[in-house]
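Trainee: This is the structure I have questions about; it appears just below.
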Amino acid sequence: YNTTIMQELCGTNHVHMFAMGGTIDKDYPRLTSGYAFEFGDECAASRIMKSHPNLGVTFDVTSVCTKDSLDIEDNDREILVNALKTRFQKYGIGQKDQFSVFRVVVTHGTDTMIETALFVRSRLDEILPSSSGIVIAFTGATKPERFVDSDASFNLGCAVGATSICPPGSVVICINGNCIPCERCVRGEESGLFELKS
């Protein structure tokens, strides 16, 4: 990567997180007669980040919706885009000497994560001033974060790290130990893994 870009990226230590629901945010049933997992009061991203006190980044978490990814529709994606627009305006993104790079992590269910990432990618030019930079990393989990053997913490950590090294303008999928540009990402039919399109 270009050295100047890397210096700008590494100098931006705040990560904005947006939660869309999905397996990562599922919690144990609260009712004794319940059997289906449900969404808890706190986003998984918030619990994970707060459990690591020695982070080199600060963060905030915004809940956009709490839905299974198969229930995510374009109007939910539009709400996410509008939330990003609002955040840009709030922090003056695009103004000279403001944030060099806007680091974003979106937690999302795995079934339609690629579709939502592509939707956001298609709207970047519309919502982002040309003088500013942004890196958006989508991630999720195959098991709820509440599970001891969940991949949630691993995937979220990869996504946070990706926002510090990917070139501005990137929208990537970070899961299974890989970071893949959303426009080149596919999900293997047999393995279920997110892979680089051949």
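Please note that chains go A, B, ... in the order of the structure tokens, that every chain numbers its residues from 1, and that ligands are numbered from 1 in the order shown.
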Give me the residues within 10 Å of A:Asp60 as a list in words, counting only C-alpha atoms and dropping any in the same chain fewer than 2 places off.
Mentor: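 These residues fall inside the cut-off: His14, Val15, His16, Met17, Phe18, Ala45, Ser46, Met49, Thr58, Thr62 and Val104 of chain A.
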Trainee: Quick one: residues within 7 Å of stretch 148-155 of chain A, only C-alpha atoms, excluding same-chain residues fewer than 5 positions away - as a PyMOL selection string?
Mentor: chain A and resi 24+48+139-143+174-175
Trainee: Counting only C-alpha atoms, what is within 12 Å of A:Ser198, bar same-chain residues fewer than 4 positions away, as JSON, numbers by chain?
Mentor: {"A": [183, 184, 185, 186, 187, 188]}
Trainee: One decimal, Å: what's the distance from atom CA of A:Arg123 over to atom CA of A:Ile79, could you say?
Mentor: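 One can read the atom CA of A:Arg123 to atom CA of A:Ile79 distance as 12.3 Å.
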Trainee: Please report the interatomic distance between atom CA of A:Pro167 and atom CA of A:Val64 in Å with one decimal.
Mentor: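 That distance, rounded to one decimal, is 25.4 Å.
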Trainee: Would you kindly return, as a ChimeraX atom specification, each protein, DNA or RNA residue with an atom no farther than 10 Å from any atom of stretch 114-119 of chain A, considering only C-alpha atoms and excluding same-chain residues fewer than 3 positions away?
Mentor: /A:69,72-74,76-78,80-81,106,108-111,122-124,136-139,171-173,181-187,194
Trainee: Enumerate, as an mmCIF file with N, CA and C atoms, in the first residue's frame, the complete set of residues in stretch 62-189 of chain A that a backbone-based DSSP assignment places in strand (DSSP E or B).
Mentor:
data_model
loop_
_atom_site.group_PDB
_atom_site.id
_atom_site.type_symbol
_atom_site.label_atom_id
_atom_site.label_comp_id
_atom_site.auth_asym_id
_atom_site.auth_seq_id
_atom_site.Cartn_x
_atom_site.Cartn_y
_atom_site.Cartn_z
ATOM 1 N N THR A 62 -23.984 1.465 17.015
ATOM 2 C CA THR A 62 -25.343 1.890 16.707
ATOM 3 C C THR A 62 -26.138 0.687 16.205
ATOM 4 N N SER A 63 -27.287 0.430 16.802
ATOM 5 C CA SER A 63 -28.154 -0.652 16.341
ATOM 6 C C SER A 63 -29.068 -0.116 15.247
ATOM 7 N N VAL A 64 -28.937 -0.674 14.052
ATOM 8 C CA VAL A 64 -29.766 -0.255 12.919
ATOM 9 C C VAL A 64 -31.057 -1.062 12.889
ATOM 10 N N CYS A 65 -30.930 -2.369 13.058
ATOM 11 C CA CYS A 65 -32.089 -3.247 13.139
ATOM 12 C C CYS A 65 -31.663 -4.552 13.788
ATOM 13 N N THR A 66 -32.620 -5.345 14.217
ATOM 14 C CA THR A 66 -32.334 -6.660 14.786
ATOM 15 C C THR A 66 -33.155 -7.686 14.015
ATOM 16 N N LYS A 67 -32.570 -8.167 12.929
ATOM 17 C CA LYS A 67 -33.273 -9.079 12.041
ATOM 18 C C LYS A 67 -32.389 -10.244 11.627
ATOM 19 N N VAL A 101 -9.681 9.078 7.525
ATOM 20 C CA VAL A 101 -10.410 7.905 7.070
ATOM 21 C C VAL A 101 -11.509 7.586 8.075
ATOM 22 N N PHE A 102 -12.655 7.240 7.560
ATOM 23 C CA PHE A 102 -13.799 6.890 8.377
ATOM 24 C C PHE A 102 -13.836 5.371 8.457
ATOM 25 N N ARG A 103 -13.601 4.805 9.634
ATOM 26 C CA ARG A 103 -13.550 3.352 9.816
ATOM 27 C C ARG A 103 -14.903 2.835 10.302
ATOM 28 N N VAL A 104 -15.477 1.917 9.542
ATOM 29 C CA VAL A 104 -16.812 1.403 9.844
ATOM 30 C C VAL A 104 -16.791 -0.119 9.856
ATOM 31 N N VAL A 105 -17.443 -0.708 10.860
ATOM 32 C CA VAL A 105 -17.683 -2.144 10.897
ATOM 33 C C VAL A 105 -19.188 -2.363 10.993
ATOM 34 N N VAL A 106 -19.720 -3.220 10.130
ATOM 35 C CA VAL A 106 -21.131 -3.563 10.156
ATOM 36 C C VAL A 106 -21.267 -5.044 10.512
ATOM 37 N N THR A 107 -21.979 -5.341 11.593
ATOM 38 C CA THR A 107 -22.259 -6.738 11.915
ATOM 39 C C THR A 107 -23.598 -7.111 11.291
ATOM 40 N N GLY A 133 -12.272 9.766 3.061
ATOM 41 C CA GLY A 133 -12.039 8.346 2.871
ATOM 42 C C GLY A 133 -12.884 7.521 3.814
ATOM 43 N N ILE A 134 -13.182 6.319 3.381
ATOM 44 C CA ILE A 134 -13.970 5.423 4.213
ATOM 45 C C ILE A 134 -13.553 3.985 3.925
ATOM 46 N N VAL A 135 -13.549 3.179 4.956
ATOM 47 C CA VAL A 135 -13.380 1.734 4.812
ATOM 48 C C VAL A 135 -14.510 1.091 5.600
ATOM 49 N N ILE A 136 -15.272 0.225 4.952
ATOM 50 C CA ILE A 136 -16.385 -0.454 5.611
ATOM 51 C C ILE A 136 -16.123 -1.956 5.574
ATOM 52 N N ALA A 137 -16.131 -2.578 6.737
ATOM 53 C CA ALA A 137 -15.931 -4.020 6.840
ATOM 54 C C ALA A 137 -17.189 -4.664 7.397
ATOM 55 N N PHE A 138 -17.745 -5.600 6.662
ATOM 56 C CA PHE A 138 -18.906 -6.375 7.106
ATOM 57 C C PHE A 138 -18.423 -7.676 7.737
ATOM 58 N N THR A 139 -19.050 -8.044 8.846
ATOM 59 C CA THR A 139 -18.700 -9.305 9.484
ATOM 60 C C THR A 139 -19.916 -9.873 10.208
ATOM 61 N N SER A 170 -12.832 1.083 0.251
ATOM 62 C CA SER A 170 -13.058 -0.361 0.286
ATOM 63 C C SER A 170 -14.326 -0.705 1.052
ATOM 64 N N VAL A 171 -15.064 -1.687 0.543
ATOM 65 C CA VAL A 171 -16.154 -2.327 1.272
ATOM 66 C C VAL A 171 -15.848 -3.818 1.223
ATOM 67 N N VAL A 172 -15.530 -4.390 2.369
ATOM 68 C CA VAL A 172 -15.005 -5.751 2.397
ATOM 69 C C VAL A 172 -15.846 -6.654 3.299
ATOM 70 N N ILE A 173 -15.732 -7.956 3.043
ATOM 71 C CA ILE A 173 -16.336 -8.981 3.885
ATOM 72 C C ILE A 173 -15.209 -9.610 4.693
ATOM 73 N N CYS A 174 -15.303 -9.561 6.023
ATOM 74 C CA CYS A 174 -14.269 -10.124 6.889
ATOM 75 C C CYS A 174 -14.858 -11.257 7.710
ATOM 76 N N ILE A 175 -14.540 -12.477 7.327
ATOM 77 C CA ILE A 175 -15.078 -13.637 8.016
ATOM 78 C C ILE A 175 -14.269 -14.858 7.584
ATOM 79 N N ASN A 178 -10.603 -14.408 6.431
ATOM 80 C CA ASN A 178 -10.285 -13.740 5.170
ATOM 81 C C ASN A 178 -10.944 -12.366 5.094
ATOM 82 N N CYS A 179 -10.325 -11.496 4.323
ATOM 83 C CA CYS A 179 -10.852 -10.158 4.061
ATOM 84 C C CYS A 179 -10.973 -10.030 2.545
ATOM 85 N N ILE A 180 -12.217 -9.950 2.042
ATOM 86 C CA ILE A 180 -12.456 -10.024 0.602
ATOM 87 C C ILE A 180 -13.290 -8.825 0.151
ATOM 88 N N PRO A 181 -12.882 -8.142 -0.915
ATOM 89 C CA PRO A 181 -13.721 -7.066 -1.454
ATOM 90 C C PRO A 181 -15.113 -7.612 -1.766
ATOM 91 N N CYS A 185 -16.613 -11.276 -3.673
ATOM 92 C CA CYS A 185 -16.876 -12.289 -2.642
ATOM 93 C C CYS A 185 -18.069 -13.166 -3.022
ATOM 94 N N VAL A 186 -17.907 -14.467 -2.841
ATOM 95 C CA VAL A 186 -18.995 -15.417 -3.034
ATOM 96 C C VAL A 186 -18.991 -16.372 -1.846
ATOM 97 N N ARG A 187 -20.098 -17.075 -1.667
ATOM 98 C CA ARG A 187 -20.172 -18.059 -0.592
ATOM 99 C C ARG A 187 -20.243 -19.452 -1.190
#
Trainee: Nearest to A:Val160: which of A:Arg47, A:Gly56, A:Asp71, A:Leu193 is it, counting only C-alpha atoms?
Mentor: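 Result for the nearest residue to A:Val160: A:Gly56.
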Trainee: Would you work out the distance separating atom CA of A:Val61 from atom CA of A:Ala44, expressed in Å to one decimal?
Mentor: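 So the answer is 9.7 Å.
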Trainee: A:Asp27, A:Gly169, A:Lys50, A:Gly21: which is nearest A:Phe147, counting only C-alpha atoms?
Mentor: A:Asp27
Trainee: Between A:Gln89, A:Thr163, A:Thr23, A:Asn75, which residue has the minimum interatomic distance to A:Met113, considering only C-alpha atoms?
Mentor: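 Checking each of A:Gln89, A:Thr163, A:Thr23, A:Asn75 against A:Met113, counting only C-alpha atoms, the winner is A:Thr23.
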Trainee: Give the alpha helix (DSSP H) residues of stretch 27-183 of chain A, as DSSP finds them on the backbone, and put them as a PyMOL selection string.
Mentor: chain A and resi 44-50+74-91+113-127+152-162
